[in-house]
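**Student:** Below is the file entry.cif, with mmCIF, C-alpha atoms.
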```
data_structure
#
loop_
_atom_site.label_atom_id
_atom_site.label_comp_id
_atom_site.auth_asym_id
_atom_site.auth_seq_id
_atom_site.Cartn_x
_atom_site.Cartn_y
_atom_site.Cartn_z
CA MET A 254 90.61 30.89 51.89
CA LEU A 255 87.70 29.55 49.83
CA SER A 256 84.77 28.05 51.65
CA LYS A 257 83.62 24.54 50.85
CA LYS A 258 80.59 26.03 49.07
CA ASN A 259 82.75 28.27 46.87
CA LYS A 260 84.99 25.34 45.93
CA LEU A 261 81.88 23.42 44.93
CA ASP A 262 80.56 26.38 42.93
CA ASN A 263 83.87 26.82 41.13
CA GLY A 264 84.06 23.10 40.38
CA TRP A 265 80.55 23.18 38.97
CA LYS A 266 81.39 26.18 36.77
CA ASP A 267 84.49 24.42 35.47
CA PHE A 268 82.41 21.36 34.67
CA ILE A 269 79.82 23.48 32.80
CA ASN A 270 82.57 25.23 30.85
CA ARG A 271 84.11 21.92 29.83
CA CYS A 272 80.70 20.65 28.72
CA PHE A 273 80.06 23.81 26.73
CA GLU A 274 83.37 23.36 24.91
CA LYS A 275 82.14 19.97 23.69
CA LEU A 276 79.00 21.41 22.08
CA SER A 277 78.90 21.92 18.34
CA PRO A 278 79.10 25.55 17.14
CA SER A 279 75.61 25.31 15.68
CA PHE A 280 74.13 24.10 18.97
CA LYS A 281 75.89 26.89 20.87
CA PHE A 282 74.35 29.37 18.47
CA GLN A 283 70.91 27.76 18.78
CA ILE A 284 70.74 27.97 22.56
CA ALA A 285 71.95 31.59 22.54
CA TYR A 286 69.74 32.77 19.65
CA LYS A 287 67.61 35.88 20.09
CA ARG A 288 65.16 36.78 17.35
CA ASP A 289 65.63 40.52 17.80
CA ASP A 290 69.30 40.18 16.84
CA PHE A 291 68.54 38.81 13.36
CA LYS A 292 66.03 40.73 11.27
CA THR A 293 67.00 39.20 7.92
CA SER A 294 68.19 35.83 6.65
CA ASN A 295 71.33 37.49 5.25
CA LYS A 296 72.31 38.73 8.68
CA LEU A 297 71.68 35.26 10.05
CA ALA A 298 73.72 33.65 7.26
CA GLY A 299 76.65 35.95 7.97
CA LYS A 300 76.76 34.60 11.50
CA ILE A 301 76.31 30.88 10.88
CA LYS A 302 77.93 30.22 7.49
CA LYS A 303 81.32 29.64 9.09
CA PHE A 304 80.16 26.44 10.79
CA LEU A 305 77.54 25.11 8.33
CA SER A 306 77.97 23.49 4.95
CA ARG A 307 76.46 25.27 1.96
CA GLU A 308 73.64 22.72 1.81
CA ASP A 309 72.84 23.03 5.52
CA LEU A 310 73.04 26.82 5.33
CA SER A 311 70.45 26.82 2.56
CA LYS A 312 68.13 24.63 4.64
CA VAL A 313 68.52 26.79 7.73
CA LYS A 314 67.79 29.98 5.76
CA LYS A 315 64.59 28.37 4.45
CA ILE A 316 63.56 27.43 7.98
CA PHE A 317 64.28 30.98 9.16
CA LYS A 318 62.16 32.50 6.37
CA THR A 319 59.30 30.09 7.04
CA ARG A 320 59.39 30.84 10.75
CA GLU A 321 59.38 34.58 10.04
CA LYS A 322 56.25 34.13 7.91
CA ILE A 323 54.61 32.34 10.83
CA HIS A 324 55.43 35.25 13.14
CA LYS A 325 53.64 37.54 10.69
CA ILE A 326 50.47 35.44 10.33
CA LYS A 327 47.47 37.29 11.66
CA LYS A 328 46.83 36.41 15.28
CA TRP A 329 43.17 36.76 16.07
CA ASP A 330 43.49 37.54 19.77
CA ASN A 331 44.07 41.24 19.00
CA SER A 332 40.91 41.41 16.89
CA PHE A 333 38.89 39.51 19.48
CA VAL A 334 40.03 41.72 22.36
CA ALA A 335 39.40 44.88 20.33
CA ALA A 336 35.91 43.69 19.36
CA MET A 337 34.93 42.81 22.91
CA LYS A 338 36.29 46.08 24.28
CA LEU A 339 34.35 48.10 21.72
CA GLY A 340 31.34 46.00 22.60
CA PHE A 341 27.79 46.04 21.28
CA ASP A 342 26.41 49.41 22.35
CA GLU A 343 24.47 51.39 19.72
CA LYS A 344 26.20 54.61 20.77
CA HIS A 345 29.36 53.27 19.08
CA LYS A 346 27.53 52.21 15.93
CA ILE A 347 29.87 54.01 13.49
CA LYS A 348 32.97 52.49 15.08
CA ILE A 349 31.23 49.12 15.27
CA TYR A 350 30.27 49.31 11.59
CA ARG A 351 33.87 50.02 10.60
CA GLN A 352 35.22 47.30 12.86
CA ASN A 353 32.69 44.77 11.53
CA LYS A 354 33.78 45.56 7.99
CA ASN A 355 37.46 45.17 8.89
CA ILE A 356 36.80 41.88 10.68
CA LEU A 357 34.92 40.35 7.74
CA THR A 358 37.55 41.54 5.26
CA ALA A 359 40.33 40.04 7.39
CA ILE A 360 38.48 36.73 7.72
CA GLU A 361 37.98 36.56 3.96
CA ASN A 362 41.69 37.20 3.38
CA GLU A 363 43.14 35.09 6.19
CA GLY A 364 40.85 32.07 6.11
CA LYS A 365 39.44 29.79 8.75
CA SER A 366 40.39 29.83 12.42
CA PHE A 367 38.72 29.26 15.78
CA LEU A 368 38.64 32.91 16.86
CA SER A 369 37.69 34.18 13.41
CA GLY A 370 34.54 32.07 13.75
CA ILE A 371 33.91 33.61 17.16
CA LEU A 372 34.37 37.07 15.62
CA LYS A 373 31.77 36.29 12.96
CA ILE A 374 29.30 35.46 15.73
CA ILE A 375 30.11 38.80 17.38
CA VAL A 376 29.33 40.57 14.10
CA ALA A 377 26.08 38.58 13.73
CA ILE A 378 25.00 39.61 17.24
CA ARG A 379 25.87 43.25 16.52
CA VAL A 380 23.69 43.29 13.40
CA ASP A 381 20.96 41.32 15.20
CA ASN A 382 20.98 38.44 12.72
CA GLN A 383 19.81 35.26 14.50
CA ALA A 384 19.85 33.15 11.33
CA TRP A 385 23.45 34.04 10.52
CA ALA A 386 24.58 33.42 14.10
CA LYS A 387 22.94 29.97 14.05
CA LYS A 388 24.58 29.15 10.71
CA ILE A 389 28.03 29.92 12.15
CA ILE A 390 27.23 28.00 15.32
CA ARG A 391 26.22 24.96 13.25
CA GLU A 392 29.69 25.04 11.69
CA PHE A 393 31.22 25.04 15.17
CA ILE A 394 29.07 22.12 16.25
CA ASN A 395 30.41 19.99 13.40
CA MET A 396 34.06 20.78 14.18
CA GLY A 397 36.34 17.89 15.04
CA PRO A 398 38.74 18.13 18.00
CA ALA A 399 41.84 18.24 15.77
CA GLU A 400 40.56 21.36 14.03
CA MET A 401 41.62 23.25 17.15
CA ILE A 402 45.18 22.17 16.37
CA PHE A 403 45.08 23.20 12.72
CA TYR A 404 42.93 26.32 12.94
CA HIS A 405 43.45 27.88 16.35
CA HIS A 406 45.68 30.93 15.48
CA LEU A 407 44.96 32.42 18.88
CA GLY A 408 48.11 34.48 19.17
CA GLU A 409 50.21 35.29 22.19
CA ASN A 410 49.67 39.01 22.61
CA HIS A 411 47.32 38.74 25.59
CA ASP A 412 47.47 36.72 28.76
CA ALA A 413 45.16 33.75 29.18
CA ARG A 414 43.22 35.41 32.01
CA THR A 415 42.28 38.43 29.88
CA LEU A 416 41.18 36.24 26.99
CA ARG A 417 39.18 34.00 29.29
CA GLN A 418 37.36 36.92 30.93
CA LEU A 419 36.44 38.38 27.56
CA PHE A 420 35.41 34.97 26.28
CA MET A 421 33.05 34.56 29.23
CA GLN A 422 31.54 37.94 28.38
CA PHE A 423 31.13 36.80 24.78
CA LEU A 424 29.31 33.64 25.90
CA ASP A 425 26.99 35.73 28.05
CA LYS A 426 26.15 37.74 24.94
CA VAL A 427 25.44 34.57 22.98
CA ASN A 428 23.30 33.27 25.82
CA ASN A 429 21.21 36.45 25.88
CA PHE A 430 21.04 36.78 22.10
CA LEU A 431 20.08 33.33 20.82
CA SER A 432 16.42 32.50 21.21
CA ASP A 433 16.84 28.79 20.42
CA VAL A 434 17.75 27.08 23.71
CA LYS A 435 18.90 23.84 22.05
CA TRP A 436 21.35 25.59 19.75
CA LYS A 437 22.73 27.47 22.73
CA LYS A 438 23.27 24.32 24.73
CA MET A 439 24.80 22.49 21.79
CA PHE A 440 27.16 25.41 21.15
CA PHE A 441 28.25 25.69 24.78
CA ASN A 442 28.78 21.94 25.05
CA GLN A 443 30.79 21.89 21.84
CA LEU A 444 33.02 24.67 23.13
CA ALA A 445 33.48 22.69 26.33
CA ILE A 446 34.54 19.67 24.26
CA LEU A 447 36.93 21.69 22.10
CA THR A 448 38.55 23.40 25.08
CA ASN A 449 38.51 20.37 27.35
CA SER A 450 42.27 19.90 27.19
CA ALA A 451 42.93 23.55 28.05
CA GLU A 452 44.18 24.60 31.46
CA MET A 453 40.86 26.29 32.22
CA PRO A 454 38.05 24.40 30.46
CA LEU A 455 34.61 25.95 30.29
CA ASP A 456 32.29 25.56 33.25
CA LEU A 457 28.83 25.07 31.75
CA ASP A 458 26.92 25.48 35.01
CA GLN A 459 26.56 29.24 34.72
CA TRP A 460 24.69 28.88 31.41
CA ASP A 461 22.61 25.92 32.57
CA ALA A 462 24.03 23.97 29.63
CA ASN A 463 24.74 20.63 31.29
CA TRP A 464 22.67 17.71 30.04
CA SER A 465 22.06 14.42 31.79
CA PHE A 466 22.63 11.31 29.71
CA GLN A 467 18.88 10.82 29.35
CA GLU A 468 18.54 14.41 28.11
CA ILE A 469 21.33 13.79 25.59
CA LYS A 470 19.43 10.78 24.22
CA ASP A 471 16.20 12.78 24.05
CA GLN A 472 17.81 15.83 22.44
CA TYR A 473 19.46 13.71 19.77
CA LYS A 474 16.02 12.51 18.65
CA SER A 475 14.81 16.09 18.19
CA GLN A 476 14.06 17.04 14.60
CA ASN A 477 16.82 19.14 12.95
CA TYR A 478 19.25 18.65 15.86
CA GLY A 479 20.23 15.01 15.55
CA ILE A 480 21.86 13.07 12.73
CA PRO A 481 23.23 16.13 10.82
CA TYR A 482 25.43 16.68 13.89
CA LEU A 483 26.27 13.06 14.66
CA GLY A 484 29.92 13.92 15.34
CA PHE A 485 28.85 16.22 18.16
CA TRP A 486 26.51 13.61 19.65
CA TYR A 487 29.24 10.99 19.41
CA GLU A 488 31.41 13.23 21.57
CA MET A 489 28.53 13.84 23.99
CA TYR A 490 28.03 10.09 24.36
CA ASN A 491 31.77 9.63 24.85
CA TYR A 492 31.85 12.16 27.65
CA ASN A 493 28.73 10.91 29.39
CA THR A 494 28.47 7.14 29.14
CA PHE A 495 30.32 3.85 28.75
CA PRO A 496 32.07 2.65 25.56
CA ALA A 497 29.53 -0.15 25.09
CA GLN A 498 26.68 2.36 24.92
CA VAL A 499 28.66 4.59 22.57
CA ASP A 500 29.25 1.59 20.32
CA ARG A 501 25.57 0.62 20.36
CA PHE A 502 24.54 4.18 19.55
CA MET A 503 26.97 4.45 16.64
CA LYS A 504 25.97 1.09 15.17
CA ASP A 505 22.35 2.22 15.16
CA GLU A 506 22.99 5.67 13.69
CA LEU A 507 25.99 5.26 11.40
CA THR A 508 23.99 3.67 8.60
CA GLY A 509 24.89 3.85 4.93
CA ASP A 510 21.96 6.19 4.21
CA ASN A 511 22.85 8.53 7.07
CA ILE A 512 26.50 8.65 6.01
CA LYS A 513 25.55 9.28 2.39
CA LYS A 514 23.30 12.18 3.37
CA TRP A 515 25.20 13.73 6.27
CA GLY A 516 28.69 12.21 6.51
CA ARG A 517 30.41 15.14 4.80
CA ASN A 518 29.35 17.29 7.74
CA TYR A 519 31.77 15.42 9.99
CA PRO A 520 34.48 13.54 8.03
CA TRP A 521 36.71 13.66 11.13
CA LEU A 522 34.33 11.25 12.89
CA PHE A 523 35.44 8.29 10.77
CA SER A 524 39.00 8.70 12.01
CA TYR A 525 37.67 7.93 15.48
CA TYR A 526 34.88 5.48 14.72
CA PHE A 527 34.72 3.35 11.59
CA PRO A 528 31.45 1.50 10.87
CA GLU A 529 31.31 -2.29 10.71
CA ASN A 530 28.50 -2.52 8.16
CA GLU A 531 29.87 -2.94 4.60
CA LYS A 532 27.38 -0.55 3.01
CA SER A 533 28.30 2.07 5.60
CA GLN A 534 31.99 1.45 4.98
CA GLU A 535 31.56 2.03 1.25
CA GLU A 536 29.85 5.36 1.91
CA VAL A 537 32.70 6.36 4.22
CA LEU A 538 35.26 5.42 1.57
CA LYS A 539 33.50 7.72 -0.90
CA ILE A 540 34.11 10.55 1.55
CA MET A 541 37.69 9.37 1.98
CA ASP A 542 38.09 9.67 -1.82
CA GLU A 543 37.67 13.41 -1.40
CA LEU A 544 40.12 13.59 1.50
CA VAL A 545 42.79 11.65 -0.40
CA LYS A 546 42.52 14.05 -3.35
CA SER A 547 42.39 17.14 -1.15
CA LYS A 548 45.35 19.52 -0.94
CA ILE A 549 44.28 20.66 2.53
CA MET A 550 46.70 19.42 5.17
CA TYR A 551 43.96 18.89 7.76
CA ASP A 552 42.23 16.47 5.36
CA LYS A 553 45.48 14.57 4.90
CA TYR A 554 45.84 14.42 8.68
CA LEU A 555 42.40 12.81 8.96
CA MET A 556 43.47 10.12 6.51
CA LEU A 557 46.59 9.37 8.56
CA GLN A 558 44.50 9.20 11.71
CA LEU A 559 42.11 6.80 10.03
CA LEU A 560 44.95 4.53 8.92
CA GLY A 561 46.46 4.60 12.38
CA ASN A 562 43.21 3.76 14.13
CA LEU A 563 42.37 0.96 11.70
CA ASN A 564 45.83 -0.48 12.25
CA GLU A 565 45.54 -0.15 16.03
CA SER A 566 42.13 -1.85 16.05
CA LYS A 567 43.50 -4.58 13.74
CA ASN A 568 40.84 -3.86 11.14
CA PHE A 569 43.08 -5.21 8.40
CA LYS A 570 40.23 -6.03 6.03
CA VAL A 571 39.31 -2.36 5.65
CA LEU A 572 42.94 -1.29 5.83
CA ASN A 573 43.85 -3.54 2.91
CA LYS A 574 40.84 -2.30 0.97
CA ILE A 575 42.03 1.30 1.42
CA LYS A 576 45.61 0.46 0.46
CA LYS A 577 44.42 -1.35 -2.65
CA ARG A 578 42.24 1.59 -3.63
CA TYR A 579 44.93 4.18 -2.90
CA PRO A 580 48.45 2.81 -3.58
CA SER A 581 49.99 6.01 -2.17
CA LEU A 582 48.65 4.97 1.25
CA SER A 583 50.23 1.53 1.15
CA ARG A 584 53.65 2.71 2.33
CA PRO A 585 54.55 2.04 5.98
CA LEU A 586 52.59 4.39 8.20
CA PHE A 587 55.64 5.81 9.96
CA GLN A 588 57.05 6.87 6.58
CA GLN A 589 53.78 8.56 5.63
CA LYS A 590 53.71 10.35 8.98
CA ARG A 591 57.29 11.53 8.69
CA ARG A 592 56.69 12.91 5.23
CA PHE A 593 53.41 14.55 6.26
CA TYR A 594 54.83 16.30 9.32
CA MET A 595 57.96 17.38 7.46
CA ASP A 596 55.66 18.83 4.78
CA LEU A 597 53.75 20.68 7.48
CA LEU A 598 57.01 22.13 8.75
CA SER A 599 58.09 23.25 5.29
CA LYS A 600 54.71 24.99 4.84
CA GLY A 601 54.97 26.59 8.27
CA GLU A 602 51.71 25.01 9.43
CA VAL A 603 51.10 23.86 13.03
CA VAL A 604 54.85 23.76 13.56
CA ASP A 605 54.94 22.92 17.26
CA PHE A 606 52.48 20.06 16.81
CA SER A 607 54.50 18.75 13.87
CA ILE A 608 57.73 18.85 15.86
CA TYR A 609 56.07 16.92 18.67
CA GLN A 610 54.78 14.27 16.27
CA LEU A 611 58.16 13.92 14.57
CA LEU A 612 59.89 13.44 17.90
CA ARG A 613 57.43 10.64 18.67
CA LEU A 614 58.57 8.78 15.55
CA LYS A 615 62.00 8.35 17.15
CA ASP A 616 63.81 8.04 13.81
CA ILE A 617 64.51 11.75 13.51
CA VAL A 618 67.95 13.30 14.05
CA VAL A 619 66.99 16.06 16.47
CA GLU A 620 69.92 18.42 15.90
CA LYS A 621 69.74 18.06 12.13
CA ASP A 622 65.99 17.84 11.47
CA ILE A 623 64.26 19.58 14.36
CA LEU A 624 66.43 21.91 16.41
CA TRP A 625 66.57 24.77 13.92
CA TRP A 626 62.76 24.82 13.83
CA VAL A 627 62.73 25.20 17.60
CA THR A 628 65.47 27.84 17.49
CA PHE A 629 63.56 30.33 15.36
#
```
Turn the structure described in the file into structure tokens.
**Tutor:**
Amino acid sequence: MLSKKNKLDNGWKDFINRCFEKLSPSFKFQIAYKRDDFKTSNKLAGKIKKFLSREDLSKVKKIFKTREKIHKIKKWDNSFVAAMKLGFDEKHKIKIYRQNKNILTAIENEGKSFLSGILKIIVAIRVDNQAWAKKIIREFINMGPAEMIFYHHLGENHDARTLRQLFMQFLDKVNNFLSDVKWKKMFFNQLAILTNSAEMPLDLDQWDANWSFQEIKDQYKSQNYGIPYLGFWYEMYNYNTFPAQVDRFMKDELTGDNIKKWGRNYPWLFSYYFPENEKSQEEVLKIMDELVKSKIMYDKYLMLQLLGNLNESKNFKVLNKIKKRYPSLSRPLFQQKRRFYMDLLSKGEVVDFSIYQLLRLKDIVVEKDILWWVTF
């Protein structure tokens, strides 16, 4: 005789089986998919062509090939771990020389990423080049938060704890290497900003890198450390004071002359804060000219962010000026976003972020437009 529990279990299994029978063949395949079982698109096609139309099959094969390219993109965590494990000791100078050469060649071939920048700093420390290290750090300080989305390429070959431990060791090296205390503190604070949304954000106490709000105001006024890095100081104000003070600071500093001279250092800033002064606005729009013409997807993202923030803040005067100047930006924003994120998917760039943004639009057919991207 079956127990009450077993009857319940059997009833539940029957229910699950009936539900499974209702699923489409493609969805059944998607939830059971294992990458190791399908090494080529032809093998995949042989399995799924019986329940997909020719047009859908062609789309799915394209998605599969794009996803496979993504899997093969260089993940910088391996290089970072290898570099930190080899270290900085002179007794390994031949191995270090070879590794430095390989790192720089890979960076030149693969392009920009967060960890590739960190690796360049490691090389600069190894060759005892303070000026080069500071140059790379200045690039970090001008990074916008969204660059971590577009250029992270961290990889998944090592657990977060290992990477964090090695990253702390790297920061100790930077702390001991750089002679300029202000650059050190700016660098550490910028890393804290960029990693703030991570599960384990940086604790700046151990490097004595925390600034009081008064210190932030004083440091900003320092020659060579201020207006060229206004984006960084905007973030520091945001994290350390009230919106009214941030607004006052930006109104004072975001002048037409400052934007003309330094604005290209931090184009991302204008997606977060758009000046009220008309002369300043015109200088920003000159920078936007370059972003609109750019083929770089991150630049296009900044334009969409700008349009969204102007719309949200009801700054219709500037919004209409932009739409008049650039007719391609006059289409409804949700249409521009959908096209942009679908383009990102087709290029295989920041796929997970693109999927998330498309789902937020709520006019996407998940099974048709999204699910195959998640499958592979």
**Student:** My list of candidates is A:Ala377, A:Met421, A:Ile402, A:Ala386. Which is closest to A:Lys437 when distances are computed with only C-alpha atoms?
**Tutor:** A:Ala386
**Student:** Since I can't run it myself right now, could you work out what the PyMOL selection byres ((chain A and resi 578) around 12) selects here and report it as number ranges by chain?
**Tutor:** A: 535, 538-539, 541-542, 545, 571-577, 579-583
**Student:** Assuming the chain letters and numbering stay as they are in my file, what does the PyMOL selection byres ((chain A and resi 398) around 9) actually select? List them as a PyMOL selection string.
**Tutor:** chain A and resi 396-397+399-402+446-448+521
**Student:** Selection from above, C-alpha atoms, as a tab-separated table (two decimals), keeping the file's coordinate frame, can you write it?
**Tutor:**
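Written out: part-v4.tsv:
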```tsv
chain	number	residue	atom	x	y	z
A	396	MET	CA	34.06	20.78	14.18
A	397	GLY	CA	36.34	17.89	15.04
A	399	ALA	CA	41.84	18.24	15.77
A	400	GLU	CA	40.56	21.36	14.03
A	401	MET	CA	41.62	23.25	17.15
A	402	ILE	CA	45.18	22.17	16.37
A	446	ILE	CA	34.54	19.67	24.26
A	447	LEU	CA	36.93	21.69	22.10
A	448	THR	CA	38.55	23.40	25.08
A	521	TRP	CA	36.71	13.66	11.13
```
**Student:** So that I can see what lies close to A:Gly370, please list as a list in words the residues with an atom at most 10 Å from it, counting all atoms listed in the file and leaving out residues fewer than 3 positions away in the same chain.
**Tutor:**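 Contacts, in chain order: Ile360, Gly364, Lys365, Ser366, Phe367, Lys373, Ile374, Ile375, Val376, Ile389, Ile390, Glu392 and Phe393 of chain A.
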**Student:** Write out as a PyMOL selection string which residues come within 9 Å of stretch 339-349 of chain A when counting only C-alpha atoms, dropping same-chain ones fewer than 2 positions away.
**Tutor:** chain A and resi 334-337+351-354+375-376+378-379
**Student:** Produce a file of the selected residues containing C-alpha atoms, as a CSV table (one decimal), in the coordinates of the input.
**Tutor:**
```
chain,number,residue,atom,x,y,z
A,334,VAL,CA,40.0,41.7,22.4
A,335,ALA,CA,39.4,44.9,20.3
A,336,ALA,CA,35.9,43.7,19.4
A,337,MET,CA,34.9,42.8,22.9
A,351,ARG,CA,33.9,50.0,10.6
A,352,GLN,CA,35.2,47.3,12.9
A,353,ASN,CA,32.7,44.8,11.5
A,354,LYS,CA,33.8,45.6,8.0
A,375,ILE,CA,30.1,38.8,17.4
A,376,VAL,CA,29.3,40.6,14.1
A,378,ILE,CA,25.0,39.6,17.2
A,379,ARG,CA,25.9,43.2,16.5
```
**Student:** Would you mind reading off the distance between atom CA of A:Leu624 and atom CA of A:Lys590, one decimal, in Å?
**Tutor:**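 About the pair atom CA of A:Leu624 and atom CA of A:Lys590: they are 18.7 Å apart.
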**Student:** Selected by the PyMOL selection byres ((chain A and resi 608-622) around 7) in the shown coordinates: which residues, as JSON, numbers by chain?
**Tutor:** {"A": [587, 591, 594, 604, 605, 606, 607, 623, 624]}
**Student:** Within 12 Å of (24.8, 25.0, 10.3), in the coordinates the file gives, what residues turn up when you count all atoms listed in the file, written out as a short mmCIF file (atom, residue, chain, number, x, y, z; two decimals) with C-alpha atoms, in the frame of the given file?
**Tutor:**
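The resulting point29.cif:
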```cif
data_model
loop_
_atom_site.label_atom_id
_atom_site.label_comp_id
_atom_site.auth_asym_id
_atom_site.auth_seq_id
_atom_site.Cartn_x
_atom_site.Cartn_y
_atom_site.Cartn_z
CA ALA A 384 19.85 33.15 11.33
CA TRP A 385 23.45 34.04 10.52
CA ALA A 386 24.58 33.42 14.10
CA LYS A 387 22.94 29.97 14.05
CA LYS A 388 24.58 29.15 10.71
CA ILE A 389 28.03 29.92 12.15
CA ILE A 390 27.23 28.00 15.32
CA ARG A 391 26.22 24.96 13.25
CA GLU A 392 29.69 25.04 11.69
CA PHE A 393 31.22 25.04 15.17
CA ILE A 394 29.07 22.12 16.25
CA ASN A 395 30.41 19.99 13.40
CA MET A 396 34.06 20.78 14.18
CA TRP A 436 21.35 25.59 19.75
CA MET A 439 24.80 22.49 21.79
CA PHE A 440 27.16 25.41 21.15
CA ASN A 477 16.82 19.14 12.95
CA TYR A 478 19.25 18.65 15.86
CA PRO A 481 23.23 16.13 10.82
CA TYR A 482 25.43 16.68 13.89
CA TRP A 515 25.20 13.73 6.27
CA ASN A 518 29.35 17.29 7.74
CA TYR A 519 31.77 15.42 9.99
#
```
**Student:** Could you work out how far atom CA of A:Gln558 lies from atom CA of A:Phe502, giving the answer in Å with one decimal?
**Tutor:** 22.0 Å
**Student:** Tell me, in Å to one decimal, how far atom CA of A:Asp330 is from atom CA of A:Tyr551.
**Tutor:**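 Pair atom CA of A:Asp330 / atom CA of A:Tyr551 returns 22.2 Å.
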**Student:** Go through A:Glu468, A:Asp458, A:Glu536, A:Asp505 one by one, measure the shortest atom-to-atom distance of each to A:Met489 using all atoms listed in the file, and give the residue with the smallest value.
**Tutor:**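 Ranking A:Glu468, A:Asp458, A:Glu536, A:Asp505 by distance to A:Met489, first place goes to A:Glu468.
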**Student:** So, counting only C-alpha atoms, which residue among A:Lys338, A:Leu372, A:Asp461, A:Lys435 is closest to A:Gln418?
**Tutor:** A:Lys338
**Student:** Restricting the calculation to only C-alpha atoms: of A:Asn442, A:Asn362, A:Asn295, A:Asn530, which residue gets closest to A:Ile469?
**Tutor:**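 For A:Ile469, the nearest of the given residues is A:Asn442.
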**Student:** From the list A:Lys300, A:Arg320, A:Arg517, A:Lys312, which residue is nearest A:Phe629 when using all atoms listed in the file?
**Tutor:** A:Arg320
**Student:** When you count all atoms listed in the file, which of these residues is closest to A:Thr415: A:Gln283, A:Asn331, A:Thr494, A:Thr628?
**Tutor:**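 With all atoms listed in the file as the atom set, the closest residue is A:Asn331.
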